[in-house]
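A.B. asks: The structure is given below, and queries will be raised subsequently.
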Amino acid sequence: MDRRQKRGTLISWDQQYRIGFIMPEGGTEALRIKGINLYPYAHAPQVGDTVVYRMWKDSFTDMKVLVAEVDLGNPIKLISPFASDTSSYANEPLSWRIKLSIVACTAVFACILYLVMNSYQFAPENTNKPPEGLFPAGSEYYVGKRDLSDVVFSCDSRRQCLQMTSCQEATYFVQHCPGFEKLVGEMPCEKLWCK
């Protein structure tokens, strides 16, 4: 063990505030320890635990910091809190809470992704659409044309072919309505609306 490391006993511990006091071996004055400086984090400190501690002093701020580790029979290596490389505890195994959090976050992300992908409607791309403005709305050449075979038509005030909305309606108006425009230029009205 490093000569600068000393032993003591944890004489009090407040789990809520994560603060306690260490009584050094052969000492008379207890030392205050913060939970962030008491290793290992996975171990819940108990009054009476034997701890190994070391005191560091920051040369810039003149601040003293106590770092300790509960003696669980494992090799103890205390690292200065002021050192730039504090990766000695990076190789510790992840606690079960961290592992559970990772699994839960992954499951939630997967569920959200599933719901988004499941609700997204993939529409087939229409490659048969004519140039915009070439045919009036409702023309048989447009995707989404309506089947109006069961609709009963009647003549009304419309007289122009471009006022129609479907092939069936244009055919009915050409055949049954007097005064209806049967030609658009040189093209028959039915040819404009029907394939």
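Quick note on naming: the chains in the structure tokens go A, B, ... in the order shown, residues restart at 1 in each chain, and ligands are numbered from 1 in order of appearance.
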With a distance cut-off of 6 Å and only C-alpha atoms, select the neighbouring residues of Arg54 (chain A), excluding the residue or stretch itself and same-chain residues fewer than 3 positions from it, and output the selection as a PyMOL selection string.
C.D. replies: chain A and resi 5+66-67
A.B. asks: Would you mind exporting C-alpha atoms of the selected residues as a short mmCIF file (atom, residue, chain, number, x, y, z; two decimals), in the first residue's frame?
C.D. replies:
```cif
data_model
loop_
_atom_site.label_atom_id
_atom_site.label_comp_id
_atom_site.auth_asym_id
_atom_site.auth_seq_id
_atom_site.Cartn_x
_atom_site.Cartn_y
_atom_site.Cartn_z
CA GLN A 5 -2.61 6.28 2.03
CA LEU A 66 -10.25 13.88 0.80
CA VAL A 67 -10.59 10.80 -1.44
#
```
A.B. asks: So that I can check the surroundings of Gln15 (chain A), please list as number ranges by chain every protein, DNA and RNA residue that reaches within 12 Å of it, counting only C-alpha atoms and ignoring chain neighbours fewer than 3 positions away.
C.D. replies: A: 12, 18-20, 34-36, 43-47
A.B. asks: Would you save the residues of that selection, restricted to all heavy atoms, as an mmCIF file, in the first residue's frame?
C.D. replies:
```
data_model
loop_
_atom_site.group_PDB
_atom_site.id
_atom_site.type_symbol
_atom_site.label_atom_id
_atom_site.label_comp_id
_atom_site.auth_asym_id
_atom_site.auth_seq_id
_atom_site.Cartn_x
_atom_site.Cartn_y
_atom_site.Cartn_z
ATOM 1 N N SER A 12 -19.831 7.732 10.611
ATOM 2 C CA SER A 12 -21.204 8.189 10.351
ATOM 3 C C SER A 12 -21.381 8.335 8.838
ATOM 4 O O SER A 12 -20.422 8.606 8.114
ATOM 5 C CB SER A 12 -21.512 9.509 11.061
ATOM 6 O OG SER A 12 -20.832 10.574 10.443
ATOM 7 N N ARG A 18 -25.392 12.008 1.169
ATOM 8 C CA ARG A 18 -24.151 11.345 0.777
ATOM 9 C C ARG A 18 -22.922 12.066 1.346
ATOM 10 O O ARG A 18 -22.008 12.445 0.638
ATOM 11 C CB ARG A 18 -24.048 11.213 -0.739
ATOM 12 C CG ARG A 18 -25.144 10.318 -1.291
ATOM 13 C CD ARG A 18 -24.889 9.688 -2.622
ATOM 14 N NE ARG A 18 -23.586 9.191 -2.917
ATOM 15 C CZ ARG A 18 -23.125 7.979 -2.612
ATOM 16 N NH1 ARG A 18 -23.874 7.125 -1.972
ATOM 17 N NH2 ARG A 18 -21.919 7.619 -2.963
ATOM 18 N N ILE A 19 -22.967 12.232 2.657
ATOM 19 C CA ILE A 19 -21.857 12.834 3.396
ATOM 20 C C ILE A 19 -21.622 11.981 4.635
ATOM 21 O O ILE A 19 -22.569 11.492 5.261
ATOM 22 C CB ILE A 19 -22.183 14.289 3.808
ATOM 23 C CG1 ILE A 19 -22.305 15.161 2.569
ATOM 24 C CG2 ILE A 19 -21.133 14.844 4.749
ATOM 25 C CD1 ILE A 19 -22.733 16.576 2.864
ATOM 26 N N GLY A 20 -20.348 11.822 4.989
ATOM 27 C CA GLY A 20 -20.032 11.046 6.183
ATOM 28 C C GLY A 20 -18.749 11.525 6.821
ATOM 29 O O GLY A 20 -18.122 12.484 6.367
ATOM 30 N N LYS A 34 -17.181 13.448 1.201
ATOM 31 C CA LYS A 34 -18.364 13.563 0.333
ATOM 32 C C LYS A 34 -18.538 12.261 -0.434
ATOM 33 O O LYS A 34 -17.563 11.587 -0.764
ATOM 34 C CB LYS A 34 -18.184 14.713 -0.661
ATOM 35 C CG LYS A 34 -18.128 16.066 -0.017
ATOM 36 C CD LYS A 34 -17.946 17.134 -1.089
ATOM 37 C CE LYS A 34 -17.827 18.506 -0.465
ATOM 38 N NZ LYS A 34 -17.583 19.542 -1.475
ATOM 39 N N GLY A 35 -19.794 11.945 -0.720
ATOM 40 C CA GLY A 35 -20.098 10.697 -1.426
ATOM 41 C C GLY A 35 -19.448 10.597 -2.788
ATOM 42 O O GLY A 35 -19.100 9.517 -3.246
ATOM 43 N N ILE A 36 -19.237 11.748 -3.442
ATOM 44 C CA ILE A 36 -18.630 11.715 -4.783
ATOM 45 C C ILE A 36 -17.163 11.288 -4.720
ATOM 46 O O ILE A 36 -16.594 10.821 -5.695
ATOM 47 C CB ILE A 36 -18.781 13.083 -5.474
ATOM 48 C CG1 ILE A 36 -18.497 12.949 -6.959
ATOM 49 C CG2 ILE A 36 -17.889 14.127 -4.833
ATOM 50 C CD1 ILE A 36 -18.956 14.110 -7.775
ATOM 51 N N HIS A 43 -20.990 0.332 -4.161
ATOM 52 C CA HIS A 43 -21.106 -0.154 -2.775
ATOM 53 C C HIS A 43 -21.830 0.889 -1.932
ATOM 54 O O HIS A 43 -21.481 2.059 -1.947
ATOM 55 C CB HIS A 43 -19.710 -0.423 -2.206
ATOM 56 C CG HIS A 43 -19.718 -0.824 -0.763
ATOM 57 N ND1 HIS A 43 -20.162 -2.050 -0.344
ATOM 58 C CD2 HIS A 43 -19.362 -0.150 0.372
ATOM 59 C CE1 HIS A 43 -20.049 -2.133 0.977
ATOM 60 N NE2 HIS A 43 -19.573 -0.979 1.431
ATOM 61 N N ALA A 44 -22.844 0.483 -1.162
ATOM 62 C CA ALA A 44 -23.545 1.389 -0.258
ATOM 63 C C ALA A 44 -22.753 1.444 1.045
ATOM 64 O O ALA A 44 -22.657 0.443 1.761
ATOM 65 C CB ALA A 44 -24.962 0.898 -0.012
ATOM 66 N N PRO A 45 -22.176 2.594 1.376
ATOM 67 C CA PRO A 45 -21.350 2.677 2.591
ATOM 68 C C PRO A 45 -22.163 2.415 3.853
ATOM 69 O O PRO A 45 -23.326 2.809 3.946
ATOM 70 C CB PRO A 45 -20.835 4.121 2.572
ATOM 71 C CG PRO A 45 -21.048 4.599 1.184
ATOM 72 C CD PRO A 45 -22.210 3.846 0.647
ATOM 73 N N GLN A 46 -21.531 1.754 4.823
ATOM 74 C CA GLN A 46 -22.167 1.444 6.099
ATOM 75 C C GLN A 46 -21.256 1.954 7.223
ATOM 76 O O GLN A 46 -20.027 1.927 7.094
ATOM 77 C CB GLN A 46 -22.361 -0.077 6.259
ATOM 78 C CG GLN A 46 -23.180 -0.730 5.162
ATOM 79 C CD GLN A 46 -24.639 -0.325 5.227
ATOM 80 O OE1 GLN A 46 -25.188 -0.149 6.306
ATOM 81 N NE2 GLN A 46 -25.255 -0.159 4.073
ATOM 82 N N VAL A 47 -21.879 2.394 8.297
ATOM 83 C CA VAL A 47 -21.095 2.802 9.470
ATOM 84 C C VAL A 47 -20.299 1.586 9.940
ATOM 85 O O VAL A 47 -20.825 0.481 10.051
ATOM 86 C CB VAL A 47 -22.020 3.336 10.581
ATOM 87 C CG1 VAL A 47 -21.232 3.594 11.856
ATOM 88 C CG2 VAL A 47 -22.718 4.592 10.127
#
```
A.B. asks: Measuring atom to atom with only C-alpha atoms, identify which of A:Asp58, A:Asp49, A:Asp156, A:Glu29 is nearest to Phe173 (chain A).
C.D. replies: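 Looking only at the distances to Phe173 (chain A), the closest residue turns out to be A:Asp156.
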A.B. asks: Distance CA of Met63 (chain A)-CA of Val51 (chain A), one decimal place?
C.D. replies: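 CA of Met63 (chain A) sits 21.9 Å away from CA of Val51 (chain A).
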A.B. asks: Residues near Glu181 (chain A), anyone? I mean within 10 Å using only C-alpha atoms, not counting same-chain ones fewer than 2 positions away, as a list in words.
C.D. replies: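 Using only C-alpha atoms, the neighbours found are Arg158, Arg159, Gln160, Cys161, Leu162, Phe173, Val174, Cys177, Pro178, Gly179, Leu183, Val184, Pro188 and Cys189 of chain A.
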A.B. asks: Please provide the set of residues having any atom within 8 Å of Arg7 (chain A), restricted to only C-alpha atoms, with same-chain residues fewer than 5 positions apart removed, written as a list in words.
C.D. replies: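 After dropping sequence-adjacent residues, the list is Pro24, Glu25, Thr50, Val51, Val52 and Tyr53 of chain A.
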A.B. asks: For the atom pair CA of Glu69 (chain A) and CA of Phe21 (chain A), what is the interatomic distance in Å to one decimal place?
C.D. replies: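 Calculated distance between CA of Glu69 (chain A) and CA of Phe21 (chain A) is 12.9 Å.
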